[in-house]
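Chemist: What follows is start20.cif; its format and atoms are mmCIF, C-alpha atoms.
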data_structure
#
loop_
_atom_site.label_atom_id
_atom_site.label_comp_id
_atom_site.auth_asym_id
_atom_site.auth_seq_id
_atom_site.Cartn_x
_atom_site.Cartn_y
_atom_site.Cartn_z
CA MET A 1 0.00 0.00 0.00
CA LYS A 2 1.43 3.38 -1.01
CA PHE A 3 1.08 6.44 1.26
CA THR A 4 1.76 10.05 0.30
CA ALA A 5 1.76 13.07 2.62
CA ILE A 6 0.14 16.34 1.61
CA ILE A 7 0.66 19.37 3.87
CA PRO A 8 -1.92 22.13 3.37
CA ALA A 9 -0.50 25.59 4.09
CA ARG A 10 -1.96 29.04 3.59
CA TYR A 11 -0.48 32.44 4.31
CA ALA A 12 -3.60 34.34 5.40
CA SER A 13 -4.18 33.06 8.92
CA SER A 14 -6.31 35.47 10.98
CA ARG A 15 -4.46 34.75 14.22
CA PHE A 16 -0.95 34.45 12.75
CA PRO A 17 -0.50 35.72 9.17
CA GLY A 18 2.47 34.12 7.43
CA LYS A 19 2.65 31.34 10.01
CA PRO A 20 4.18 28.69 7.68
CA LEU A 21 7.14 31.01 7.05
CA ALA A 22 7.74 31.86 10.71
CA LEU A 23 11.23 30.85 11.79
CA LEU A 24 11.61 28.21 14.47
CA GLU A 25 15.22 27.72 15.52
CA GLY A 26 16.48 28.81 12.11
CA LYS A 27 14.03 26.84 9.96
CA TYR A 28 10.61 27.69 8.59
CA VAL A 29 7.74 26.06 10.48
CA ILE A 30 6.59 24.49 7.20
CA GLN A 31 10.10 23.11 6.62
CA ARG A 32 10.08 21.30 9.96
CA VAL A 33 6.68 19.77 9.17
CA TYR A 34 7.86 18.73 5.71
CA GLU A 35 11.01 17.08 7.04
CA GLN A 36 9.01 15.04 9.56
CA ALA A 37 6.62 13.91 6.83
CA VAL A 38 9.45 12.82 4.53
CA LYS A 39 11.12 10.88 7.36
CA ALA A 40 7.94 8.90 7.88
CA LEU A 41 6.68 8.38 4.33
CA GLY A 42 9.50 9.25 1.95
CA GLU A 43 7.28 11.49 -0.19
CA ALA A 44 5.50 14.73 0.69
CA TYR A 45 4.08 17.83 -0.98
CA VAL A 46 3.05 21.22 0.38
CA ALA A 47 -0.30 22.37 -1.05
CA THR A 48 -0.51 26.15 -0.83
CA ASP A 49 -2.31 29.16 -2.28
CA ASP A 50 0.62 31.53 -1.80
CA GLU A 51 3.67 31.88 -4.02
CA ARG A 52 5.83 32.96 -1.08
CA ILE A 53 5.25 29.65 0.63
CA ALA A 54 5.80 27.71 -2.61
CA ARG A 55 9.13 29.51 -3.22
CA ALA A 56 10.29 28.87 0.34
CA VAL A 57 9.48 25.16 0.04
CA GLU A 58 11.40 24.89 -3.22
CA GLU A 59 14.34 26.79 -1.71
CA PHE A 60 14.78 24.20 1.05
CA GLY A 61 14.46 21.36 -1.48
CA GLY A 62 10.83 20.44 -0.92
CA LYS A 63 7.97 19.93 -3.36
CA ALA A 64 5.09 22.41 -3.58
CA VAL A 65 1.89 22.61 -5.59
CA MET A 66 -0.21 25.73 -6.07
CA THR A 67 -3.91 25.47 -5.26
CA SER A 68 -6.93 27.77 -5.25
CA PRO A 69 -7.24 30.45 -2.54
CA ASN A 70 -10.96 29.72 -2.26
CA HIS A 71 -10.87 26.41 -0.39
CA LYS A 72 -12.79 26.32 2.89
CA SER A 73 -10.76 23.47 4.38
CA GLY A 74 -7.40 21.79 4.17
CA THR A 75 -9.14 18.63 2.96
CA ASP A 76 -10.47 20.44 -0.10
CA ARG A 77 -7.02 21.89 -0.80
CA ILE A 78 -5.50 18.42 -0.58
CA GLU A 79 -7.99 16.97 -3.08
CA GLU A 80 -7.09 19.66 -5.62
CA ALA A 81 -3.38 19.00 -5.06
CA VAL A 82 -3.81 15.25 -5.58
CA GLU A 83 -5.74 15.86 -8.81
CA LYS A 84 -3.14 18.32 -10.10
CA LEU A 85 -0.23 16.04 -9.28
CA GLY A 86 -1.95 12.96 -10.68
CA LEU A 87 -0.72 10.97 -7.71
CA ASP A 88 -0.83 7.20 -7.94
CA CYS A 89 -1.22 6.23 -4.29
CA ASP A 90 -3.62 4.31 -2.09
CA VAL A 91 -3.80 6.63 0.93
CA ILE A 92 -3.31 10.38 1.34
CA VAL A 93 -2.00 11.55 4.73
CA ASN A 94 -3.07 15.06 5.75
CA ILE A 95 -0.38 16.59 7.98
CA GLN A 96 -1.20 20.02 9.33
CA GLY A 97 1.26 22.72 8.29
CA ASP A 98 1.45 24.12 11.83
CA GLU A 99 2.60 20.90 13.54
CA PRO A 100 6.43 21.05 13.43
CA PHE A 101 6.75 18.42 16.15
CA ILE A 102 4.54 15.77 14.58
CA HIS A 103 6.22 12.46 15.37
CA ARG A 104 7.15 9.84 12.82
CA SER A 105 5.49 7.22 15.03
CA GLN A 106 2.20 9.16 14.96
CA ILE A 107 2.20 9.23 11.18
CA GLU A 108 3.00 5.51 11.11
CA THR A 109 0.18 4.78 13.57
CA VAL A 110 -2.36 6.49 11.31
CA CYS A 111 -1.05 4.53 8.33
CA ARG A 112 -1.37 1.20 10.19
CA CYS A 113 -5.09 1.87 10.64
CA PHE A 114 -5.48 0.91 6.98
CA ASP A 115 -4.41 -2.64 7.76
CA ASP A 116 -8.10 -2.96 8.62
CA PRO A 117 -9.96 -3.10 5.28
CA GLN A 118 -12.99 -1.43 6.89
CA THR A 119 -11.01 1.77 7.51
CA GLN A 120 -11.99 4.55 5.13
CA ILE A 121 -10.51 7.48 7.06
CA ALA A 122 -8.05 7.43 9.96
CA THR A 123 -7.08 9.88 12.67
CA LEU A 124 -5.36 9.94 16.07
CA GLY A 125 -6.46 10.07 19.69
CA LYS A 126 -4.39 10.65 22.82
CA PRO A 127 -5.53 9.81 26.36
CA PHE A 128 -6.12 12.95 28.42
CA GLY A 129 -5.31 11.25 31.70
CA ASN A 130 -6.82 12.73 34.84
CA HIS A 131 -6.63 16.37 33.70
CA LEU A 132 -10.14 17.79 34.00
CA GLU A 133 -9.12 21.30 32.94
CA ALA A 134 -7.72 19.96 29.66
CA ILE A 135 -10.72 17.66 29.17
CA SER A 136 -13.06 20.62 29.67
CA ASN A 137 -11.29 22.82 27.10
CA PRO A 138 -13.60 23.24 24.07
CA ASN A 139 -10.54 23.83 21.87
CA SER A 140 -9.49 20.22 22.53
CA PRO A 141 -12.14 18.03 20.86
CA LYS A 142 -12.93 14.72 22.48
CA ILE A 143 -13.50 11.37 20.72
CA VAL A 144 -15.62 8.43 21.76
CA THR A 145 -15.06 5.17 19.90
CA THR A 146 -16.48 1.71 19.42
CA LEU A 147 -14.73 -1.19 21.10
CA GLN A 148 -13.14 -1.86 17.70
CA GLY A 149 -11.58 1.62 17.61
CA PHE A 150 -13.91 3.39 15.16
CA ALA A 151 -15.15 6.88 15.96
CA LEU A 152 -18.68 7.19 17.31
CA TYR A 153 -18.56 10.95 17.81
CA PHE A 154 -16.27 13.96 18.12
CA SER A 155 -17.26 16.85 20.37
CA ARG A 156 -16.00 20.05 21.95
CA SER A 157 -18.13 19.13 24.96
CA VAL A 158 -16.99 16.72 27.63
CA ILE A 159 -18.37 13.37 26.47
CA PRO A 160 -19.51 11.10 27.94
CA PHE A 161 -21.29 12.52 30.99
CA VAL A 162 -20.31 10.35 33.96
CA ARG A 163 -23.44 9.83 35.99
CA GLY A 164 -23.19 9.38 39.74
CA LYS A 165 -19.75 10.97 40.03
CA GLU A 166 -18.65 14.44 40.99
CA ARG A 167 -17.30 16.32 37.99
CA SER A 168 -13.90 16.46 39.68
CA GLU A 169 -13.81 12.63 39.53
CA TRP A 170 -14.68 12.28 35.84
CA GLY A 171 -11.07 12.15 34.62
CA GLU A 172 -10.32 9.11 36.76
CA SER A 173 -13.68 7.46 36.02
CA PHE A 174 -13.50 7.31 32.22
CA PRO A 175 -10.59 7.16 29.70
CA TYR A 176 -11.25 10.44 27.89
CA LEU A 177 -9.59 10.68 24.50
CA LYS A 178 -8.22 13.89 22.95
CA HIS A 179 -8.42 14.27 19.19
CA ILE A 180 -5.10 14.90 17.42
CA GLY A 181 -5.77 16.49 14.02
CA LEU A 182 -3.79 14.13 11.82
CA TYR A 183 -5.88 12.48 9.09
CA ALA A 184 -5.48 9.93 6.33
CA TYR A 185 -7.95 8.95 3.63
CA ARG A 186 -8.21 6.25 1.02
CA ARG A 187 -7.84 7.94 -2.36
CA ASP A 188 -11.41 7.30 -3.52
CA ILE A 189 -12.84 8.34 -0.16
CA LEU A 190 -11.00 11.67 -0.25
CA LYS A 191 -12.64 12.42 -3.58
CA GLU A 192 -16.07 11.53 -2.20
CA ILE A 193 -15.94 13.50 1.05
CA THR A 194 -14.84 16.71 -0.66
CA GLN A 195 -18.11 16.62 -2.65
CA LEU A 196 -20.26 16.55 0.49
CA PRO A 197 -22.14 19.64 1.72
CA GLN A 198 -21.61 20.74 5.30
CA SER A 199 -23.71 18.70 7.72
CA PRO A 200 -25.81 19.89 10.69
CA LEU A 201 -23.43 18.38 13.24
CA GLU A 202 -20.42 19.94 11.55
CA LEU A 203 -22.07 23.35 11.59
CA ALA A 204 -23.06 22.96 15.24
CA GLU A 205 -19.62 21.97 16.55
CA SER A 206 -17.43 23.46 13.81
CA LEU A 207 -15.66 20.13 13.36
CA GLU A 208 -15.18 19.00 9.75
CA GLN A 209 -14.85 15.32 10.67
CA LEU A 210 -18.49 15.30 11.81
CA ARG A 211 -19.52 15.82 8.18
CA TRP A 212 -17.87 12.53 7.28
CA LEU A 213 -19.21 10.71 10.31
CA GLN A 214 -22.77 11.96 9.79
CA ASN A 215 -22.60 10.74 6.19
CA GLY A 216 -21.74 7.23 7.35
CA TYR A 217 -17.98 7.06 6.73
CA ARG A 218 -15.91 4.86 9.03
CA ILE A 219 -13.12 6.68 10.84
CA LYS A 220 -10.54 4.50 12.57
CA VAL A 221 -8.83 6.08 15.57
CA GLY A 222 -5.20 5.17 16.18
CA LEU A 223 -3.79 5.79 19.65
CA THR A 224 -0.69 7.77 20.62
CA ASP A 225 0.85 8.71 23.96
CA LEU A 226 2.79 11.57 22.37
CA GLU A 227 1.66 15.19 22.53
CA THR A 228 2.01 17.57 19.61
CA VAL A 229 2.82 21.28 19.88
CA GLY A 230 0.72 23.09 17.30
CA ILE A 231 1.37 26.71 16.36
CA ASP A 232 -1.72 28.90 16.02
CA THR A 233 -0.44 32.21 17.40
CA PRO A 234 2.87 34.07 17.89
CA ALA A 235 2.70 33.05 21.55
CA ASP A 236 2.59 29.39 20.46
CA LEU A 237 5.76 29.99 18.44
CA GLN A 238 7.51 31.23 21.57
CA ARG A 239 6.37 28.14 23.45
CA ALA A 240 7.66 25.97 20.61
CA GLU A 241 11.05 27.66 20.81
CA GLN A 242 11.13 26.99 24.56
CA TYR A 243 10.16 23.37 23.92
CA MET A 244 13.07 22.97 21.50
CA ARG A 245 15.49 24.44 24.02
CA GLU A 246 14.25 21.97 26.63
CA LEU A 247 14.74 19.07 24.21
CA ARG A 248 18.40 20.00 23.85
CA GLU A 249 19.02 20.20 27.59
#
Would you put the structure from the file into structure tokens?
Modeler:
Amino acid sequence: MKFTAIIPARYASSRFPGKPLALLEGKYVIQRVYEQAVKALGEAYVATDDERIARAVEEFGGKAVMTSPNHKSGTDRIEEAVEKLGLDCDVIVNIQGDEPFIHRSQIETVCRCFDDPQTQIATLGKPFGNHLEAISNPNSPKIVTTLQGFALYFSRSVIPFVRGKERSEWGESFPYLKHIGLYAYRRDILKEITQLPQSPLELAESLEQLRWLQNGYRIKVGLTDLETVGIDTPADLQRAEQYMRELRE
């Protein structure tokens, strides 16, 4: 089975314009993501709507493809990139362009989900542990799964509700699972899901994966114990720099 990584990257971020070209310890953020993707899969492309990002990728020896500026999601951008490139692969791995610390093992875990022929889409979950504040954060979506590891639901709310327990005890009463936004799709499934209109659940929670789930697609959830350090704001970049300094110590 052949896997190819596509990294969607746009310049016009409302919270951090030019984020892919921000420097992190002497390298562009997008370069660090690209290098991690290549280590795991051997082949990767950056799909962007901005010539500055494309030029930067080519300067550090990467591969870039220009896409429309009108896409509403990274998934749509990836589908256009795959069509333009004419890629001959079985599974497309969507690696977010603001995740410079994505681990090779996480990418490999998502790919192994396709050993199950029932898997149409795959993503990652990480146990929260007994951290109620983190579990309660609506910016950290939660996943509940079947016993076979397929997603039942994603929510910004704390799910499930643990009846008969004080809220302070919920974290130790149920294995809450944090969603890590790494995705992979079978090639034909990617084409299908980008034709779907937004669904009521997606609009309610502002979570794209609910569109796929509400339309009946099977999403396998791989498990990781590793945390990622995403960069959404300039403050996140400073935290990432501190994280890199700590890794060296």
Chemist: Give me, as a tab-separated table, each residue of range 94-159 of chain A that comes within 12 Å of range 37-59 of chain A, together with its shortest interatomic pair and the distance in Å at one decimal, counting only C-alpha atoms, with rows ordered by chain and rising residue number.
Modeler:
residue	atom	partner	partner_atom	distance
A:Asn94	CA	A:Ala37	CA	9.8
A:Ile95	CA	A:Ala37	CA	7.6
A:Gln96	CA	A:Val46	CA	10.0
A:Gly97	CA	A:Val46	CA	8.2
A:Asp98	CA	A:Val46	CA	11.9
A:Glu99	CA	A:Ala37	CA	10.5
A:Pro100	CA	A:Ala37	CA	9.7
A:Phe101	CA	A:Ala37	CA	10.4
A:Ile102	CA	A:Ala37	CA	8.2
A:His103	CA	A:Ala40	CA	8.5
A:Arg104	CA	A:Ala40	CA	5.1
A:Ser105	CA	A:Ala40	CA	7.7
A:Gln106	CA	A:Ala40	CA	9.1
A:Ile107	CA	A:Ala40	CA	6.6
A:Glu108	CA	A:Ala40	CA	6.8
A:Thr109	CA	A:Ala40	CA	10.5
A:Val110	CA	A:Ala40	CA	11.1
A:Cys111	CA	A:Leu41	CA	9.5
Chemist: Starting from the PyMOL selection byres ((chain A and resi 145-157) around 10), expand the selection into actual residues of this file and give them as an MDAnalysis selection string.
Modeler: chainID A and resid 113 118:119 121:123 125 135:144 158:161 177:179 201:202 204:210 213:214 217:223
Chemist: Using only C-alpha atoms, find the one residue out of A:Ala64, A:Ile193, A:Val33, A:Leu87 that sits nearest to Gln120 in chain A.
Modeler: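 So, comparing all the options, the nearest one is A:Ile193.
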Chemist: Just say which residues the PyMOL selection byres ((chain A and resi 83) around 12) picks in this file, as a ChimeraX atom specification.
Modeler: /A:6,47,65-67,76-82,84-89,92,187-188,190-191
Chemist: Can I get the selection written as a short mmCIF file (atom, residue, chain, number, x, y, z; two decimals), in the coordinates of the input, with C-alpha atoms?
Modeler:
data_model
loop_
_atom_site.label_atom_id
_atom_site.label_comp_id
_atom_site.auth_asym_id
_atom_site.auth_seq_id
_atom_site.Cartn_x
_atom_site.Cartn_y
_atom_site.Cartn_z
CA ILE A 6 0.14 16.34 1.61
CA ALA A 47 -0.30 22.37 -1.05
CA VAL A 65 1.89 22.61 -5.59
CA MET A 66 -0.21 25.73 -6.07
CA THR A 67 -3.91 25.47 -5.26
CA ASP A 76 -10.47 20.44 -0.10
CA ARG A 77 -7.02 21.89 -0.80
CA ILE A 78 -5.50 18.42 -0.58
CA GLU A 79 -7.99 16.97 -3.08
CA GLU A 80 -7.09 19.66 -5.62
CA ALA A 81 -3.38 19.00 -5.06
CA VAL A 82 -3.81 15.25 -5.58
CA LYS A 84 -3.14 18.32 -10.10
CA LEU A 85 -0.23 16.04 -9.28
CA GLY A 86 -1.95 12.96 -10.68
CA LEU A 87 -0.72 10.97 -7.71
CA ASP A 88 -0.83 7.20 -7.94
CA CYS A 89 -1.22 6.23 -4.29
CA ILE A 92 -3.31 10.38 1.34
CA ARG A 187 -7.84 7.94 -2.36
CA ASP A 188 -11.41 7.30 -3.52
CA LEU A 190 -11.00 11.67 -0.25
CA LYS A 191 -12.64 12.42 -3.58
#
Chemist: Given all atoms listed in the file as the basis, pick out the residue of A:Glu241, A:Glu25, A:Glu35, A:Asp232 nearest to Ala5 in chain A.
Modeler: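 Looking only at the distances to Ala5 in chain A, the closest residue turns out to be A:Glu35.
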Chemist: Given all atoms listed in the file as the basis, pick out the residue of A:Gly181, A:Lys72, A:Ala22, A:Tyr28 nearest to Asp236 in chain A.
Modeler: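 Answer, going by the shortest atom-to-atom distance: A:Ala22.
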Chemist: Can you work out which one of A:Leu247, A:Leu196, A:Leu182, A:Ala240 has the shortest atom-to-atom distance to Thr224 in chain A, counting only C-alpha atoms?
Modeler: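 Result for the nearest residue to Thr224 in chain A: A:Leu182.
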Chemist: I'd like to know which of A:Glu172, A:Glu227, A:Glu166, A:Glu192 is closest to Gly129 in chain A, using all atoms listed in the file.
Modeler: A:Glu172
Chemist: Report, in Å to a single decimal, how far apart CA of Thr194 in chain A and CA of Thr4 in chain A are.
Modeler: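 According to the coordinates, CA of Thr4 in chain A and CA of Thr194 in chain A are separated by 17.9 Å.
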Chemist: In Å, rounded to a single decimal, give me how far CA of Leu21 in chain A is from CA of Ala235 in chain A.
Modeler: 15.3 Å
Chemist: If I take CA of Lys2 in chain A and CA of Asp115 in chain A, how far is one from the other in Å, to one decimal?
Modeler: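 We find that CA of Lys2 in chain A and CA of Asp115 in chain A lie 12.1 Å from each other.
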Chemist: Write out as a PyMOL selection string each polymer residue whose atoms come within 7 Å of Tyr176 in chain A, counting all atoms listed in the file; drop sequence neighbours fewer than 4 positions from it.
Modeler: chain A and resi 127-128+171
Chemist: Restricting the calculation to all atoms listed in the file, which member of A:Pro234, A:Lys27, A:Arg186, A:Gln36 is positioned closest to Asp116 in chain A?
Modeler: A:Arg186
Chemist: If the PyMOL selection byres ((chain A and resi 15) around 12) is run on the structure shown, which residues does it catch, given as a VMD selection string?
Modeler: chain A and resid 11 to 14 16 to 19 231 to 236
Chemist: Centre and edge lengths, as JSON, for the axis-aligned box enclosing every listed atom of range 158-174 of chain A with 4 Å of padding on each of the six sides, in Å to one decimal?
Modeler:
{"center_x": -16.9, "center_y": 12.0, "center_z": 33.7, "size_x": 21.1, "size_y": 17.4, "size_z": 22.5}
Chemist: If you keep C-alpha atoms, can you output range 206-241 of chain A as a CSV table (one decimal), in the first residue's frame?
Modeler:
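Resulting contents of out13.csv:
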chain,number,residue,atom,x,y,z
A,206,SER,CA,-17.4,23.5,13.8
A,207,LEU,CA,-15.7,20.1,13.4
A,208,GLU,CA,-15.2,19.0,9.8
A,209,GLN,CA,-14.9,15.3,10.7
A,210,LEU,CA,-18.5,15.3,11.8
A,211,ARG,CA,-19.5,15.8,8.2
A,212,TRP,CA,-17.9,12.5,7.3
A,213,LEU,CA,-19.2,10.7,10.3
A,214,GLN,CA,-22.8,12.0,9.8
A,215,ASN,CA,-22.6,10.7,6.2
A,216,GLY,CA,-21.7,7.2,7.3
A,217,TYR,CA,-18.0,7.1,6.7
A,218,ARG,CA,-15.9,4.9,9.0
A,219,ILE,CA,-13.1,6.7,10.8
A,220,LYS,CA,-10.5,4.5,12.6
A,221,VAL,CA,-8.8,6.1,15.6
A,222,GLY,CA,-5.2,5.2,16.2
A,223,LEU,CA,-3.8,5.8,19.7
A,224,THR,CA,-0.7,7.8,20.6
A,225,ASP,CA,0.9,8.7,24.0
A,226,LEU,CA,2.8,11.6,22.4
A,227,GLU,CA,1.7,15.2,22.5
A,228,THR,CA,2.0,17.6,19.6
A,229,VAL,CA,2.8,21.3,19.9
A,230,GLY,CA,0.7,23.1,17.3
A,231,ILE,CA,1.4,26.7,16.4
A,232,ASP,CA,-1.7,28.9,16.0
A,233,THR,CA,-0.4,32.2,17.4
A,234,PRO,CA,2.9,34.1,17.9
A,235,ALA,CA,2.7,33.1,21.6
A,236,ASP,CA,2.6,29.4,20.5
A,237,LEU,CA,5.8,30.0,18.4
A,238,GLN,CA,7.5,31.2,21.6
A,239,ARG,CA,6.4,28.1,23.5
A,240,ALA,CA,7.7,26.0,20.6
A,241,GLU,CA,11.0,27.7,20.8
